[in-house]
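Quick look at data06.cif (mmCIF, C-alpha atoms):
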```
data_coords
#
loop_
_atom_site.label_atom_id
_atom_site.label_comp_id
_atom_site.auth_asym_id
_atom_site.auth_seq_id
_atom_site.Cartn_x
_atom_site.Cartn_y
_atom_site.Cartn_z
CA MET V 1 29.38 -0.01 4.55
CA LYS V 2 26.13 0.64 6.33
CA PHE V 3 25.07 4.23 6.75
CA VAL V 4 24.96 4.09 10.53
CA THR V 5 28.58 2.88 10.67
CA LEU V 6 29.66 5.71 8.42
CA LEU V 7 27.67 8.16 10.53
CA LEU V 8 29.35 6.98 13.71
CA LEU V 9 32.78 7.29 12.12
CA LEU V 10 32.04 10.82 10.97
CA PHE V 11 30.68 11.80 14.37
CA GLY V 12 33.61 10.13 16.07
CA PHE V 13 36.06 12.40 14.30
CA SER V 14 34.08 15.63 14.67
CA PHE V 15 31.29 15.58 17.22
CA ASP V 16 31.66 19.35 17.68
CA ARG V 17 30.26 20.22 14.25
CA THR V 18 27.12 22.31 14.23
CA VAL V 19 24.24 20.81 12.24
CA ALA V 20 21.60 23.45 13.06
CA ARG V 21 21.26 26.77 14.79
CA ILE V 22 18.28 28.44 16.51
CA ASP V 23 19.25 32.06 17.17
CA ARG V 24 22.41 31.67 19.26
CA GLU V 25 21.73 28.08 20.29
CA SER V 26 23.59 25.44 18.30
CA VAL V 27 22.72 21.79 17.75
CA SER V 28 25.88 19.70 17.52
CA GLN V 29 26.32 16.38 15.77
CA GLU V 30 26.71 14.70 19.15
CA GLU V 31 23.42 16.12 20.47
CA LEU V 32 21.63 15.18 17.26
CA TRP V 33 22.98 11.64 17.28
CA GLN V 34 22.02 11.06 20.93
CA ALA V 35 18.49 12.32 20.26
CA PHE V 36 18.10 10.42 17.01
CA SER V 37 19.40 7.19 18.52
CA ALA V 38 16.99 7.45 21.46
CA TYR V 39 14.08 8.22 19.14
CA TRP V 40 14.87 5.39 16.73
CA ARG V 41 15.46 2.72 19.38
CA GLU V 42 13.13 3.64 22.25
CA ILE V 43 10.17 5.29 20.52
CA LEU V 44 10.11 3.74 17.04
CA HIS V 45 11.61 0.45 18.26
CA LEU V 46 13.57 0.05 15.04
CA PRO V 47 17.12 -1.27 14.60
CA ILE V 48 19.46 1.68 14.21
CA ALA V 49 21.21 -0.09 11.34
CA ARG V 50 18.15 0.58 9.17
CA ALA V 51 18.50 4.34 9.52
CA THR V 52 19.32 6.34 6.39
CA SER V 53 20.74 9.81 5.87
CA ARG V 54 17.25 10.99 4.90
CA ASP V 55 15.88 9.69 8.23
CA VAL V 56 18.48 11.73 10.12
CA GLN V 57 17.84 14.84 8.05
CA GLU V 58 14.07 14.67 8.59
CA PHE V 59 14.60 14.05 12.29
CA LEU V 60 16.84 17.11 12.56
CA VAL V 61 14.05 19.30 11.21
CA GLU V 62 11.59 17.84 13.72
CA TYR V 63 14.17 18.16 16.51
CA VAL V 64 14.58 21.88 15.84
CA ARG V 65 10.81 22.22 15.66
CA SER V 66 10.58 20.49 19.04
CA LYS V 67 13.03 22.96 20.56
CA ILE V 68 11.00 25.93 19.31
CA ILE V 69 7.81 24.44 20.77
CA GLN V 70 9.48 24.00 24.15
CA MET V 71 10.80 27.59 24.05
CA GLU V 72 7.36 28.92 23.23
CA ALA V 73 5.75 26.82 25.96
CA ARG V 74 8.07 28.47 28.50
CA ARG V 75 7.14 31.90 27.12
CA MET V 76 3.46 31.01 27.57
CA GLY V 77 4.05 29.85 31.14
CA ILE V 78 3.11 26.25 30.35
CA SER V 79 4.83 23.68 32.53
CA LEU V 80 4.29 19.97 33.16
CA SER V 81 4.19 18.10 36.43
CA VAL V 82 6.06 14.85 36.93
CA GLN V 83 2.73 13.07 37.42
CA GLU V 84 1.39 14.42 34.13
CA ILE V 85 4.46 13.17 32.28
CA GLU V 86 4.32 9.75 33.93
CA GLU V 87 0.62 9.33 33.14
CA TYR V 88 1.23 10.26 29.50
CA LEU V 89 4.04 7.73 29.19
CA GLU V 90 1.92 5.04 30.82
CA ARG V 91 -1.05 5.70 28.54
CA ASN V 92 0.71 6.29 25.22
CA VAL V 93 4.04 4.52 25.44
CA GLY V 94 3.54 1.83 28.06
CA ASN V 95 7.12 2.20 29.20
CA LYS V 96 8.32 4.64 31.84
CA ARG V 97 11.90 3.38 31.73
CA LEU V 98 13.01 5.68 28.95
CA SER V 99 16.28 7.52 28.68
CA PRO V 100 16.23 11.24 29.60
CA VAL V 101 16.69 12.08 25.91
CA ALA V 102 13.69 9.99 24.83
CA ARG V 103 11.55 11.45 27.63
CA GLU V 104 12.44 14.96 26.49
CA LEU V 105 11.25 14.17 22.97
CA LEU V 106 7.91 12.91 24.28
CA ILE V 107 7.48 15.95 26.52
CA THR V 108 7.17 17.99 23.33
CA GLU V 109 4.09 15.94 22.40
CA ILE V 110 2.46 16.81 25.72
CA LEU V 111 3.34 20.49 25.35
CA THR V 112 1.91 20.49 21.83
CA ARG V 113 -1.42 19.26 23.21
CA ARG V 114 -1.38 21.84 26.00
CA ILE V 115 -0.60 24.66 23.59
CA THR V 116 -3.32 23.46 21.21
CA ASP V 117 -5.82 23.35 24.08
CA ARG V 118 -5.08 27.00 24.79
CA ILE V 119 -5.08 28.41 21.25
CA ALA V 120 -8.04 26.30 20.04
CA ARG V 121 -10.30 26.51 23.09
CA ASP V 122 -12.88 28.65 21.28
CA LEU V 123 -13.21 26.39 18.25
CA GLU V 124 -16.75 25.36 17.38
CA ILE V 125 -18.12 22.85 14.91
CA ARG V 126 -21.41 24.01 13.41
CA GLU V 127 -24.23 21.61 12.64
CA GLY V 128 -24.11 22.62 8.98
CA GLN V 129 -20.45 21.62 8.77
CA ILE V 130 -21.27 18.19 10.18
CA THR V 131 -24.12 17.66 7.74
CA ALA V 132 -22.05 18.81 4.78
CA TYR V 133 -19.14 16.53 5.66
CA TYR V 134 -21.47 13.57 6.13
CA TYR V 135 -23.17 13.86 2.75
CA LEU V 136 -19.98 14.69 0.88
CA ASN V 137 -18.26 11.63 2.34
CA LEU V 138 -21.02 9.03 2.51
CA ARG V 139 -18.60 6.35 1.36
CA ASP V 140 -16.75 6.69 4.67
CA PHE V 141 -19.91 5.70 6.56
CA LYS V 142 -20.72 2.50 4.73
CA LEU V 143 -21.50 -0.31 7.18
CA PRO V 144 -21.15 -4.05 6.55
CA ALA V 145 -23.84 -6.51 7.57
CA GLN V 146 -23.81 -6.78 11.37
CA VAL V 147 -25.26 -8.87 14.16
CA LEU V 148 -25.91 -7.89 17.76
CA LEU V 149 -24.53 -10.75 19.84
CA GLU V 150 -25.28 -11.56 23.45
CA ARG V 151 -22.38 -13.30 25.17
CA TYR V 152 -22.84 -15.88 27.90
CA SER V 153 -20.09 -17.77 29.74
CA ALA V 154 -19.97 -20.72 32.13
CA ASP V 155 -17.17 -22.26 34.14
CA SER V 156 -18.02 -25.91 33.42
CA LEU V 157 -19.26 -27.87 30.41
CA ASP V 158 -22.32 -29.09 32.33
CA GLU V 159 -23.30 -25.52 33.20
CA ALA V 160 -22.66 -24.45 29.60
CA ASN V 161 -24.81 -27.26 28.16
CA GLU V 162 -27.69 -26.37 30.47
CA LEU V 163 -27.31 -22.72 29.50
CA TYR V 164 -27.30 -23.67 25.81
CA TYR V 165 -30.49 -25.70 26.23
CA ASN V 166 -32.24 -22.83 28.02
CA LEU V 167 -31.20 -20.27 25.40
CA SER V 168 -32.15 -22.53 22.49
CA SER V 169 -35.59 -23.33 23.90
CA GLY V 170 -36.32 -19.81 25.05
CA ALA V 171 -36.38 -20.82 28.71
CA PRO V 172 -35.20 -18.19 31.21
CA SER V 173 -31.52 -18.34 32.14
CA ARG V 174 -30.53 -17.82 35.75
CA GLU V 175 -27.41 -15.89 36.77
CA SER V 176 -24.91 -17.48 39.13
CA ARG V 177 -21.24 -17.42 39.98
CA GLU V 178 -20.72 -20.21 37.44
CA ARG V 179 -22.58 -18.55 34.54
CA ARG V 180 -22.43 -14.92 33.49
CA THR V 181 -24.02 -12.64 30.89
CA GLY V 182 -21.89 -10.09 29.06
CA GLN V 183 -22.95 -6.85 27.41
CA ALA V 184 -24.47 -7.26 23.94
CA MET V 185 -22.27 -5.85 21.17
CA TRP V 186 -22.55 -5.27 17.43
CA TYR V 187 -20.13 -7.27 15.25
CA SER V 188 -19.44 -7.23 11.53
CA ILE V 189 -20.39 -10.67 10.21
CA GLN V 190 -17.23 -10.74 8.09
CA THR V 191 -14.99 -10.35 11.15
CA LEU V 192 -16.58 -13.10 13.24
CA PRO V 193 -14.41 -16.18 13.88
CA GLU V 194 -15.23 -19.06 11.55
CA VAL V 195 -16.49 -21.27 14.39
CA VAL V 196 -19.01 -18.58 15.41
CA ARG V 197 -19.99 -17.59 11.87
CA ARG V 198 -20.65 -21.21 10.87
CA GLN V 199 -22.92 -21.95 13.84
CA LEU V 200 -24.93 -18.72 13.65
CA TYR V 201 -25.64 -18.81 9.89
CA PRO V 202 -28.09 -17.59 8.58
CA TYR V 203 -27.98 -15.22 11.58
CA GLU V 204 -31.63 -15.35 12.54
CA VAL V 205 -32.57 -13.62 15.77
CA GLY V 206 -32.45 -16.19 18.56
CA LYS V 207 -29.84 -18.39 16.88
CA VAL V 208 -27.42 -19.79 19.49
CA THR V 209 -23.96 -21.31 19.25
CA LYS V 210 -23.02 -24.46 21.10
CA PRO V 211 -20.56 -23.98 23.98
CA ILE V 212 -17.14 -22.88 22.71
CA GLN V 213 -14.20 -23.42 25.01
CA VAL V 214 -12.10 -20.27 25.37
CA GLY V 215 -9.31 -20.65 27.87
CA GLY V 216 -10.80 -22.00 31.07
CA VAL V 217 -14.42 -21.05 30.36
CA TYR V 218 -17.17 -22.00 27.90
CA VAL V 219 -18.71 -19.22 25.82
CA ILE V 220 -22.09 -19.13 24.05
CA PHE V 221 -23.26 -16.45 21.61
CA ARG V 222 -26.88 -15.61 20.80
CA VAL V 223 -28.11 -13.37 17.97
CA ALA V 224 -30.17 -10.58 19.53
CA ASP V 225 -30.59 -8.44 16.41
CA ARG V 226 -29.34 -8.08 12.84
CA ARG V 227 -28.94 -5.29 10.35
CA GLY V 228 -27.93 -5.43 6.71
CA SER V 229 -25.19 -3.49 5.02
CA GLY V 230 -25.88 0.16 4.34
CA ILE V 231 -24.97 3.72 5.29
CA MET V 232 -24.64 4.77 8.93
CA PRO V 233 -27.48 7.20 9.74
CA LEU V 234 -26.53 10.84 10.24
CA ASP V 235 -27.59 10.74 13.91
CA GLU V 236 -25.10 7.94 14.59
CA ALA V 237 -22.38 9.52 12.46
CA ARG V 238 -22.76 12.99 14.02
CA PRO V 239 -20.42 12.50 17.04
CA ILE V 240 -17.84 10.78 14.82
CA VAL V 241 -17.88 13.64 12.32
CA ARG V 242 -17.77 16.25 15.07
CA GLU V 243 -14.69 14.65 16.62
CA LYS V 244 -12.95 14.36 13.25
CA LEU V 245 -13.64 17.96 12.26
CA LEU V 246 -12.59 19.22 15.67
CA ARG V 247 -9.34 17.25 15.48
CA GLU V 248 -8.61 18.65 12.02
CA LYS V 249 -9.36 22.22 13.09
CA ARG V 250 -7.12 21.84 16.15
CA GLN V 251 -4.28 20.65 13.92
CA GLU V 252 -4.81 23.56 11.54
CA ALA V 253 -4.85 26.02 14.45
CA PHE V 254 -1.58 24.64 15.79
CA GLN V 255 0.07 24.75 12.37
CA ARG V 256 -0.94 28.41 11.92
CA TRP V 257 0.32 29.19 15.41
CA PHE V 258 3.67 27.51 14.79
CA GLN V 259 4.17 29.25 11.45
CA GLU V 260 3.63 32.57 13.20
CA VAL V 261 5.82 32.01 16.28
CA SER V 262 8.66 30.46 14.26
CA LYS V 263 9.15 33.87 12.63
CA ARG V 264 10.64 35.03 15.94
CA TYR V 265 13.60 32.71 15.49
CA SER V 266 16.52 32.70 13.11
CA VAL V 267 16.86 29.05 12.09
CA GLU V 268 19.64 27.57 9.99
CA PHE V 269 20.29 23.96 8.95
CA TYR V 270 23.68 22.62 7.90
CA PHE V 271 22.72 19.38 6.18
CA GLY V 272 26.15 19.17 4.63
CA GLN V 273 27.53 18.41 8.09
CA LEU V 274 25.43 15.25 8.44
#
```
Since I need it in another form, could you write the structure as structure tokens?
Amino acid sequence: MKFVTLLLLLFGFSFDRTVARIDRESVSQEELWQAFSAYWREILHLPIARATSRDVQEFLVEYVRSKIIQMEARRMGISLSVQEIEEYLERNVGNKRLSPVARELLITEILTRRITDRIARDLEIREGQITAYYYLNLRDFKLPAQVLLERYSADSLDEANELYYNLSSGAPSRESRERRTGQAMWYSIQTLPEVVRRQLYPYEVGKVTKPIQVGGVYVIFRVADRRGSGIMPLDEARPIVREKLLREKRQEAFQRWFQEVSKRYSVEFYFGQL
């Protein structure tokens, strides 16, 4: 018999059992199951039949943690507007039609960010830390061979052929409603589509592809620059390293904060009731 069926049978006979306690507040089997089901189906998008007893146990720990975070947010006077919640769901979930239980779980994520913003607002990343991380982790900044490609598009094959001739011969290319120039971008040679890679080889500056039909338009690529494989320079890596170190320090600050505030609560788990 599948675990989820057994779980439902157990809950069906005794939904009033307490599976965790935070001070005087109890978490019943029914509450846990409703939260877990919403999380598994609406947030993870996994079939509930795949859930195991370990999944439920780990979720219970996170569920209690979520409750403590929400309690502490209220103590700190942190509240969320409806608009803030809706924008978060739109940006990170892409689905506003969630059950109230699933929405409540995601609200904890927003509160966690707000709390972290407050407790970590004075964090600084020193230049020496950036330099040290860069040189100690040079392997992380290895770059493949890349080409800087200009992208041109035309609405008709005749326009595309004329554009191809102009680009190949070095003649100036005029802009119009039928032909457009996109922003040049760096691409790893290894990740280029075969049709593009084959036509641009050996990737000399000025090399142009023939018109490639993509949907209802014709696209042409031109090599504007090239750089071989190597290590990303420190100047280019600096903002990446700064963001990474800041993210790690924010996570560490939140973990220290949670360890401290959780001491205010008497927490008990009754895993034998699962």
Selected residue of minimal separation from V:Ala253 among V:Thr108, V:Ser53, V:Gln34, V:Thr116, counting all atoms listed in the file:
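Counting all atoms listed in the file, the residue closest to V:Ala253 is V:Thr116.
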I'd like the contact shell of V:Glu124 - 10 Å cut-off, all atoms listed in the file, skipping same-chain residues fewer than 5 positions apart - returned as a compact mmCIF listing (two decimals) with C-alpha atoms, keeping the file's coordinate frame.
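Just written: around_2.txt:
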```
# COMPACT_ATOMS: atom_id res chain seq x y z
CA ARG V 242 -17.77 16.25 15.07
CA LEU V 245 -13.64 17.96 12.26
CA LEU V 246 -12.59 19.22 15.67
CA LYS V 249 -9.36 22.22 13.09
```
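With all atoms listed in the file as the atoms that count, the residue of V:Ala38, V:Val196, V:Leu111, V:Val208 with the shortest distance to V:Ser169 is V:Val208.
Checking V:Arg180, V:Arg91, V:Tyr164, V:Tyr203 one by one against V:Arg227, counting only C-alpha atoms, you find the shortest gap at V:Tyr203.
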Evaluate the PyMOL selection byres ((chain V and resi 202) around 12) and report residues as a compact mmCIF listing (two decimals) with C-alpha atoms, in the frame of the given file:
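Once everything was written out, this is result-v4.txt:
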```
# COMPACT_ATOMS: atom_id res chain seq x y z
CA ALA V 145 -23.84 -6.51 7.57
CA GLN V 146 -23.81 -6.78 11.37
CA VAL V 147 -25.26 -8.87 14.16
CA ILE V 189 -20.39 -10.67 10.21
CA VAL V 196 -19.01 -18.58 15.41
CA ARG V 197 -19.99 -17.59 11.87
CA ARG V 198 -20.65 -21.21 10.87
CA GLN V 199 -22.92 -21.95 13.84
CA LEU V 200 -24.93 -18.72 13.65
CA TYR V 201 -25.64 -18.81 9.89
CA TYR V 203 -27.98 -15.22 11.58
CA GLU V 204 -31.63 -15.35 12.54
CA VAL V 205 -32.57 -13.62 15.77
CA GLY V 206 -32.45 -16.19 18.56
CA LYS V 207 -29.84 -18.39 16.88
CA VAL V 208 -27.42 -19.79 19.49
CA VAL V 223 -28.11 -13.37 17.97
CA ARG V 226 -29.34 -8.08 12.84
```
Model the absent atoms of stretch 131-167 of chain V so that N, CA and C atoms are present, and write the result as a PDB file, in the frame of the given file.
```pdb
ATOM      1  N   THR V 131     -23.228  18.184   8.783  1.00  0.00           N
ATOM      2  CA  THR V 131     -24.120  17.660   7.740  1.00  0.00           C
ATOM      3  C   THR V 131     -23.441  17.648   6.389  1.00  0.00           C
ATOM      4  N   ALA V 132     -22.730  18.732   6.072  1.00  0.00           N
ATOM      5  CA  ALA V 132     -22.050  18.810   4.780  1.00  0.00           C
ATOM      6  C   ALA V 132     -20.979  17.732   4.661  1.00  0.00           C
ATOM      7  N   TYR V 133     -20.198  17.545   5.714  1.00  0.00           N
ATOM      8  CA  TYR V 133     -19.140  16.530   5.660  1.00  0.00           C
ATOM      9  C   TYR V 133     -19.744  15.138   5.485  1.00  0.00           C
ATOM     10  N   TYR V 134     -20.820  14.887   6.199  1.00  0.00           N
ATOM     11  CA  TYR V 134     -21.470  13.570   6.130  1.00  0.00           C
ATOM     12  C   TYR V 134     -21.908  13.241   4.709  1.00  0.00           C
ATOM     13  N   TYR V 135     -22.629  14.148   4.082  1.00  0.00           N
ATOM     14  CA  TYR V 135     -23.170  13.860   2.750  1.00  0.00           C
ATOM     15  C   TYR V 135     -22.105  13.906   1.656  1.00  0.00           C
ATOM     16  N   LEU V 136     -21.047  14.647   1.871  1.00  0.00           N
ATOM     17  CA  LEU V 136     -19.980  14.690   0.880  1.00  0.00           C
ATOM     18  C   LEU V 136     -19.036  13.489   1.007  1.00  0.00           C
ATOM     19  N   ASN V 137     -19.145  12.767   2.105  1.00  0.00           N
ATOM     20  CA  ASN V 137     -18.260  11.630   2.340  1.00  0.00           C
ATOM     21  C   ASN V 137     -19.038  10.383   2.771  1.00  0.00           C
ATOM     22  N   LEU V 138     -20.172  10.163   2.143  1.00  0.00           N
ATOM     23  CA  LEU V 138     -21.020   9.030   2.510  1.00  0.00           C
ATOM     24  C   LEU V 138     -20.288   7.686   2.432  1.00  0.00           C
ATOM     25  N   ARG V 139     -19.342   7.606   1.523  1.00  0.00           N
ATOM     26  CA  ARG V 139     -18.600   6.350   1.360  1.00  0.00           C
ATOM     27  C   ARG V 139     -17.875   5.961   2.646  1.00  0.00           C
ATOM     28  N   ASP V 140     -17.468   6.964   3.420  1.00  0.00           N
ATOM     29  CA  ASP V 140     -16.750   6.690   4.670  1.00  0.00           C
ATOM     30  C   ASP V 140     -17.657   6.080   5.738  1.00  0.00           C
ATOM     31  N   PHE V 141     -18.980   6.158   5.538  1.00  0.00           N
ATOM     32  CA  PHE V 141     -19.910   5.700   6.560  1.00  0.00           C
ATOM     33  C   PHE V 141     -20.674   4.441   6.132  1.00  0.00           C
ATOM     34  N   LYS V 142     -20.111   3.748   5.174  1.00  0.00           N
ATOM     35  CA  LYS V 142     -20.720   2.500   4.730  1.00  0.00           C
ATOM     36  C   LYS V 142     -20.495   1.414   5.785  1.00  0.00           C
ATOM     37  N   LEU V 143     -21.563   0.724   6.147  1.00  0.00           N
ATOM     38  CA  LEU V 143     -21.500  -0.310   7.180  1.00  0.00           C
ATOM     39  C   LEU V 143     -21.687  -1.689   6.550  1.00  0.00           C
ATOM     40  N   PRO V 144     -20.927  -2.673   7.014  1.00  0.00           N
ATOM     41  CA  PRO V 144     -21.150  -4.050   6.550  1.00  0.00           C
ATOM     42  C   PRO V 144     -22.341  -4.649   7.281  1.00  0.00           C
ATOM     43  N   ALA V 145     -22.779  -5.811   6.847  1.00  0.00           N
ATOM     44  CA  ALA V 145     -23.840  -6.510   7.570  1.00  0.00           C
ATOM     45  C   ALA V 145     -23.348  -6.842   8.976  1.00  0.00           C
ATOM     46  N   GLN V 146     -24.214  -6.614   9.978  1.00  0.00           N
ATOM     47  CA  GLN V 146     -23.810  -6.780  11.370  1.00  0.00           C
ATOM     48  C   GLN V 146     -24.841  -7.586  12.154  1.00  0.00           C
ATOM     49  N   VAL V 147     -24.363  -8.182  13.232  1.00  0.00           N
ATOM     50  CA  VAL V 147     -25.260  -8.870  14.160  1.00  0.00           C
ATOM     51  C   VAL V 147     -24.976  -8.365  15.571  1.00  0.00           C
ATOM     52  N   LEU V 148     -26.038  -8.248  16.349  1.00  0.00           N
ATOM     53  CA  LEU V 148     -25.910  -7.890  17.760  1.00  0.00           C
ATOM     54  C   LEU V 148     -25.865  -9.196  18.541  1.00  0.00           C
ATOM     55  N   LEU V 149     -24.712  -9.467  19.159  1.00  0.00           N
ATOM     56  CA  LEU V 149     -24.530 -10.750  19.840  1.00  0.00           C
ATOM     57  C   LEU V 149     -24.537 -10.576  21.357  1.00  0.00           C
ATOM     58  N   GLU V 150     -25.329 -11.435  21.998  1.00  0.00           N
ATOM     59  CA  GLU V 150     -25.280 -11.560  23.450  1.00  0.00           C
ATOM     60  C   GLU V 150     -24.231 -12.614  23.779  1.00  0.00           C
ATOM     61  N   ARG V 151     -23.461 -12.382  24.811  1.00  0.00           N
ATOM     62  CA  ARG V 151     -22.380 -13.300  25.170  1.00  0.00           C
ATOM     63  C   ARG V 151     -22.636 -13.872  26.559  1.00  0.00           C
ATOM     64  N   TYR V 152     -22.642 -15.191  26.638  1.00  0.00           N
ATOM     65  CA  TYR V 152     -22.840 -15.880  27.900  1.00  0.00           C
ATOM     66  C   TYR V 152     -21.613 -16.770  28.163  1.00  0.00           C
ATOM     67  N   SER V 153     -21.238 -16.911  29.413  1.00  0.00           N
ATOM     68  CA  SER V 153     -20.090 -17.770  29.740  1.00  0.00           C
ATOM     69  C   SER V 153     -20.402 -18.609  30.973  1.00  0.00           C
ATOM     70  N   ALA V 154     -19.799 -19.791  31.010  1.00  0.00           N
ATOM     71  CA  ALA V 154     -19.970 -20.720  32.130  1.00  0.00           C
ATOM     72  C   ALA V 154     -18.628 -21.359  32.441  1.00  0.00           C
ATOM     73  N   ASP V 155     -18.456 -21.726  33.708  1.00  0.00           N
ATOM     74  CA  ASP V 155     -17.170 -22.260  34.140  1.00  0.00           C
ATOM     75  C   ASP V 155     -17.009 -23.752  33.857  1.00  0.00           C
ATOM     76  N   SER V 156     -18.111 -24.470  33.669  1.00  0.00           N
ATOM     77  CA  SER V 156     -18.020 -25.910  33.420  1.00  0.00           C
ATOM     78  C   SER V 156     -18.849 -26.281  32.189  1.00  0.00           C
ATOM     79  N   LEU V 157     -18.530 -27.431  31.597  1.00  0.00           N
ATOM     80  CA  LEU V 157     -19.260 -27.870  30.410  1.00  0.00           C
ATOM     81  C   LEU V 157     -20.706 -28.194  30.750  1.00  0.00           C
ATOM     82  N   ASP V 158     -20.952 -28.791  31.922  1.00  0.00           N
ATOM     83  CA  ASP V 158     -22.320 -29.090  32.330  1.00  0.00           C
ATOM     84  C   ASP V 158     -23.150 -27.825  32.439  1.00  0.00           C
ATOM     85  N   GLU V 159     -22.595 -26.815  33.081  1.00  0.00           N
ATOM     86  CA  GLU V 159     -23.300 -25.520  33.200  1.00  0.00           C
ATOM     87  C   GLU V 159     -23.530 -24.922  31.819  1.00  0.00           C
ATOM     88  N   ALA V 160     -22.540 -25.025  30.942  1.00  0.00           N
ATOM     89  CA  ALA V 160     -22.660 -24.450  29.600  1.00  0.00           C
ATOM     90  C   ALA V 160     -23.725 -25.166  28.785  1.00  0.00           C
ATOM     91  N   ASN V 161     -23.792 -26.502  28.896  1.00  0.00           N
ATOM     92  CA  ASN V 161     -24.810 -27.260  28.160  1.00  0.00           C
ATOM     93  C   ASN V 161     -26.209 -26.901  28.632  1.00  0.00           C
ATOM     94  N   GLU V 162     -26.375 -26.761  29.941  1.00  0.00           N
ATOM     95  CA  GLU V 162     -27.690 -26.370  30.470  1.00  0.00           C
ATOM     96  C   GLU V 162     -28.065 -24.977  29.979  1.00  0.00           C
ATOM     97  N   LEU V 163     -27.087 -24.087  29.973  1.00  0.00           N
ATOM     98  CA  LEU V 163     -27.310 -22.720  29.500  1.00  0.00           C
ATOM     99  C   LEU V 163     -27.686 -22.732  28.027  1.00  0.00           C
ATOM    100  N   TYR V 164     -27.001 -23.553  27.232  1.00  0.00           N
ATOM    101  CA  TYR V 164     -27.300 -23.670  25.810  1.00  0.00           C
ATOM    102  C   TYR V 164     -28.723 -24.174  25.587  1.00  0.00           C
ATOM    103  N   TYR V 165     -29.139 -25.164  26.358  1.00  0.00           N
ATOM    104  CA  TYR V 165     -30.490 -25.700  26.230  1.00  0.00           C
ATOM    105  C   TYR V 165     -31.528 -24.621  26.555  1.00  0.00           C
ATOM    106  N   ASN V 166     -31.289 -23.876  27.619  1.00  0.00           N
ATOM    107  CA  ASN V 166     -32.240 -22.830  28.020  1.00  0.00           C
ATOM    108  C   ASN V 166     -32.342 -21.747  26.942  1.00  0.00           C
ATOM    109  N   LEU V 167     -31.201 -21.332  26.415  1.00  0.00           N
ATOM    110  CA  LEU V 167     -31.200 -20.270  25.400  1.00  0.00           C
ATOM    111  C   LEU V 167     -31.855 -20.753  24.105  1.00  0.00           C
TER     112      LEU V 167
END
```
